[in-house]
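Trainee: Shown below is the structure under consideration.
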Amino acid sequence: MTDAHETAADRSLRTTGGAPPDDAGSSVSQAPTPLLEPREGIPPVIADAAALAEVTAAFAAGHGPVAVDAERASGYRYGQRAYLVQLRREGAGTALIDPVACPDLSGLGAAIADTEWVLHAATQDLPCLREIGMVPTRIFDTELAGRLAGFPRVGLGAMVENVLGFVLEKGHSAVDWSTRPLPEPWLRYAALDVELLVDLRDALEKELDRQGKLEWARQEFDAIASAPPPEPRKDPWRRTSGMHKVRRRRQLAVVRELWQTRDRIAQRRDVSPGKVLGDAAIVEAALALPPNAHALAALNGFGRVNRRQLEQWQVAVDRARGLSESQLPQPGQPVTGPPPPRAWADKDPAAAARLTAARAAVSALAERLNMPQENLITPDTVRRVCWEPPATLDEKSVGAALAGHGARPWQVEQVTPVLVTALAGGVS
């Protein structure tokens with residue numbers, strides 16, 4: 001064990017700036033230490049059944065929480081599948097697993113399912129881990145813990161530096177992790193991502209406990225671990241960048257046809273959709289409604305496309321041009337719940353006044369609790385309760401309304417009193 005790891009092993013909260021101050025209003029400040037090598041070196045990448053079985057047995061026999069991370073190839077490949085899985089556990093060391101060569105990790109997942117998994121920004125990694133059979137029952141999310149504890153910078157590098165006093169390498173976060181073989185510097189980076197994750201977890205647990213927020217964090221972690229997979233997004237083409245420029249229904253149809261054509265091509269080629277055709281080009285074609293491939297070629301984003309591809313895009317445009325009025329998409333998605341807040345003043349001035357008071361009250365409470373407003377209570381929950389408040393404005397009815405919209409018990413307890421006052425037109 002190196003001196004750096006011996007220092008980390010004491011798991012005391014250290015800060016180099018940007019961390020919550022202690023009760024006296026001060027924080028420790030000292031130069032961070034670069035973390036350059038995993039303590040047992042870079043482990044070999046697990047890429048066959050026999051090696052996976054050994055790792056599974058080792059992690060099942062280990063003790064304490066399991067640090068888990070996954071690397072994707074966003075911007076390079078279609079979808080959000082995992083291309084490398086990293087784990088670390090006391091007594092088992094670090095493992096780097098190739099989920100392309102070993103696509104079924106359900107055995108490993110089952111071996112550690114009852115153990116607490118430590119992840120950073122868990123909601124980003126859990127979907128791709130679920131795809132390969134790894135589903136935790138308990139988690140500790142160090143990013144979310146940092147938010148609840150009041151850290152202004154909650155990226156893994158910032159948290160490790162501010163809490164533990166070590167600097168992680170930052171150079172390979174956006175590389176193409178589908179590359180094979182993976183270069184050694186990338187593997188070193190990946191191994192270091194889980195090197196101190198449990199140390200970070202332990203320090204943050206102590207800090208949350210000191211602030212009286214540990215039970216809040218546990219409720220948040222349980223909610224993430226028990227959440228079902230998200231429903232497929234309705235009309236994902238509407239999220240095309242630059243859509244605000246597209247006003248007419250016929251133009252919307254062009255965006256839809258081009259987006260869906262691009263998605264099919266990207267999926268077939270297993271490349272990021274943006275590498276097939278950029279959003280800006282889709283919007284440009286929608287606005288121009290080109291009558292033929294020659295006109296399409298004159299638009300930004302299509303000039304260097306070969307003739308066969310150009311004709312493919314033009315076919316999509318022509319499909320949109322040929323739709324009947326009844327087949328054209330509506331300008332906006334069906335809205336469930338309250339209208340956009342900007343419309344409240346005209347539609348319901350009283351609701352607009354309630355929302356203004358509620359937002360101010362929630363903001364003040366979040367500041368007192370030293371956490372982001374969106375972690376105290378989601379803006380959507382506040383809007384829904386303000387738009388349709390309970391008939392009786394008391395703590396029981398408002399608390400029930402918050403819980404009905406998915407607020408956790410700790411959120412109900414903290415937010416209900418100030419929201420009751422705000423909804424009644426007072427000042428908390």
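Residue numbering restarts at 1 for every chain of the structure tokens, chains are lettered A, B, ... in their displayed order, and ligands are numbered from 1 as they appear.
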Counting only C-alpha atoms, what is within 8 Å of Val418 of chain A, bar same-chain residues fewer than 5 positions away, as a list in words?
Mentor: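 Using only C-alpha atoms, the neighbours found are Ala358, Ala361, Val362, Leu365 and Ser428 of chain A.
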Trainee: Keeping only all heavy atoms, write the selected residues to a file as a compact mmCIF listing (two decimals), in the first residue's frame.
Mentor:
# COMPACT_ATOMS: atom_id res chain seq x y z
N ALA A 358 -44.57 29.58 -3.51
CA ALA A 358 -44.01 28.26 -3.21
C ALA A 358 -42.55 28.16 -3.65
O ALA A 358 -41.72 27.60 -2.92
CB ALA A 358 -44.84 27.18 -3.90
N ALA A 361 -40.43 29.95 -1.17
CA ALA A 361 -40.33 29.23 0.10
C ALA A 361 -39.41 28.02 -0.02
O ALA A 361 -38.58 27.77 0.87
CB ALA A 361 -41.72 28.79 0.54
N VAL A 362 -39.53 27.28 -1.11
CA VAL A 362 -38.69 26.11 -1.32
C VAL A 362 -37.23 26.53 -1.49
O VAL A 362 -36.31 25.89 -0.97
CB VAL A 362 -39.18 25.28 -2.53
CG1 VAL A 362 -38.15 24.22 -2.91
CG2 VAL A 362 -40.52 24.63 -2.22
N LEU A 365 -35.80 27.40 1.87
CA LEU A 365 -35.57 26.19 2.67
C LEU A 365 -34.36 25.42 2.17
O LEU A 365 -33.53 24.95 2.96
CB LEU A 365 -36.82 25.30 2.63
CG LEU A 365 -36.72 23.96 3.38
CD1 LEU A 365 -36.40 24.18 4.86
CD2 LEU A 365 -38.01 23.16 3.21
N SER A 428 -43.27 32.02 4.44
CA SER A 428 -42.73 31.05 5.39
C SER A 428 -41.59 31.66 6.19
O SER A 428 -40.96 32.60 5.75
CB SER A 428 -42.21 29.82 4.65
OG SER A 428 -41.16 30.16 3.79
Trainee: Would you pick out the contacts of Pro341 of chain A at 8 Å or less, using only C-alpha atoms, so that residues sharing its chain but fewer than 3 positions from it are not included, and give the list as an MDAnalysis selection string?
Mentor: chainID A and resid 338 344:345 352 383
Trainee: Between A:Glu161, A:Ala280, A:Ala225, A:Gly212, which has the minimum distance to Ala113 of chain A (counting only C-alpha atoms)?
Mentor: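 Among the listed residues, the smallest separation from Ala113 of chain A belongs to A:Ala225.
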Trainee: What lies within 10 Å of Thr240 of chain A using only C-alpha atoms, ignoring chain neighbours under 5 positions off, as a list in words?
Mentor: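 Skipping anything fewer than 5 positions along the chain leaves Val255, Arg256, Trp259, Gly278, Asp279, Ala280, Ile282 and Val283 of chain A.
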Trainee: Which is closest to Ser326 of chain A among A:Arg249, A:Ala351, A:Thr381, A:Lys396, if we use only C-alpha atoms?
Mentor: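 Selected residue with least distance to Ser326 of chain A: A:Arg249.
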Trainee: Between A:Ala253, A:Ala364, A:Ala401, A:Leu277, which one has atoms that come closest to Ala316 of chain A, using only C-alpha atoms?
Mentor: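 Checking each candidate against Ala316 of chain A, we get A:Ala253 as the closest.
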Trainee: Residues of segment 145-367 of chain A classed as helix (DSSP H, G or I) by DSSP on the backbone are to be reported as a ChimeraX atom specification.
Mentor: /A:145-149,156-164,184-195,197-211,214-226,236-239,243-245,249-269,273-276,279-288,293-297,307-321,325-327,341-347,349-367
Trainee: Which residues, written as JSON, numbers by chain, have at least one atom at most 10 Å from Leu299 of chain A, with only C-alpha atoms counted and residues fewer than 5 positions away on the same chain left out?
Mentor: {"A": [281, 282, 284, 285, 288, 290, 294]}
Trainee: What does the file look like for those residues with N, CA and C atoms, as an mmCIF file, in the first residue's frame?
Mentor:
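Output saved as selection_39.cif:
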data_model
loop_
_atom_site.group_PDB
_atom_site.id
_atom_site.type_symbol
_atom_site.label_atom_id
_atom_site.label_comp_id
_atom_site.auth_asym_id
_atom_site.auth_seq_id
_atom_site.Cartn_x
_atom_site.Cartn_y
_atom_site.Cartn_z
ATOM 1 N N ALA A 281 -28.611 19.564 -39.511
ATOM 2 C CA ALA A 281 -28.975 19.251 -40.893
ATOM 3 C C ALA A 281 -30.445 18.852 -40.991
ATOM 4 N N ILE A 282 -30.929 18.097 -40.016
ATOM 5 C CA ILE A 282 -32.334 17.700 -40.011
ATOM 6 C C ILE A 282 -33.236 18.921 -39.943
ATOM 7 N N GLU A 284 -32.461 21.989 -40.741
ATOM 8 C CA GLU A 284 -32.287 22.771 -41.972
ATOM 9 C C GLU A 284 -33.186 22.226 -43.076
ATOM 10 N N ALA A 285 -33.220 20.915 -43.230
ATOM 11 C CA ALA A 285 -34.053 20.305 -44.273
ATOM 12 C C ALA A 285 -35.535 20.515 -43.974
ATOM 13 N N ALA A 288 -36.447 24.055 -44.981
ATOM 14 C CA ALA A 288 -36.357 24.325 -46.420
ATOM 15 C C ALA A 288 -37.358 23.520 -47.238
ATOM 16 N N PRO A 290 -36.956 20.804 -49.153
ATOM 17 C CA PRO A 290 -36.389 20.704 -50.508
ATOM 18 C C PRO A 290 -37.220 19.792 -51.407
ATOM 19 N N HIS A 294 -31.217 17.540 -55.482
ATOM 20 C CA HIS A 294 -30.316 18.639 -55.840
ATOM 21 C C HIS A 294 -30.475 19.804 -54.863
#
Trainee: So that I can see what lies close to Ala223 of chain A, please list as a PDB file with C-alpha atoms, in the first residue's frame the residues with an atom at most 12 Å from it, counting only C-alpha atoms and leaving out residues fewer than 4 positions away in the same chain.
Mentor:
ATOM      1  CA  ALA A 122     -26.098   5.736 -10.242  1.00  0.00           C
ATOM      2  CA  THR A 123     -28.968   6.596 -12.583  1.00  0.00           C
ATOM      3  CA  THR A 137     -30.871  -4.223  -4.137  1.00  0.00           C
ATOM      4  CA  ARG A 138     -29.017  -1.554  -2.129  1.00  0.00           C
ATOM      5  CA  ILE A 139     -26.908   1.345  -3.353  1.00  0.00           C
ATOM      6  CA  PHE A 140     -24.937   4.327  -2.111  1.00  0.00           C
ATOM      7  CA  ASP A 141     -24.703   7.083  -4.724  1.00  0.00           C
ATOM      8  CA  TRP A 216     -32.642  11.343   3.904  1.00  0.00           C
ATOM      9  CA  ALA A 217     -29.879   9.960   1.730  1.00  0.00           C
ATOM     10  CA  ARG A 218     -30.879   6.381   2.495  1.00  0.00           C
ATOM     11  CA  GLN A 219     -34.434   7.099   1.377  1.00  0.00           C
ATOM     12  CA  ALA A 227     -37.294   2.306  -9.353  1.00  0.00           C
ATOM     13  CA  PRO A 228     -38.573   0.324 -12.367  1.00  0.00           C
ATOM     14  CA  GLY A 406     -43.644  10.625  -5.356  1.00  0.00           C
ATOM     15  CA  ALA A 407     -41.992  12.723  -2.636  1.00  0.00           C
ATOM     16  CA  ARG A 408     -40.040  10.683  -0.096  1.00  0.00           C
ATOM     17  CA  PRO A 409     -41.000  10.863   3.604  1.00  0.00           C
TER      18      PRO A 409
END
Trainee: For atom CA of Val85 of chain A and atom CA of Glu71 of chain A, determine how far apart the two atoms are, in Å to one decimal place.
Mentor: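 About the pair atom CA of Val85 of chain A and atom CA of Glu71 of chain A: they are 6.5 Å apart.
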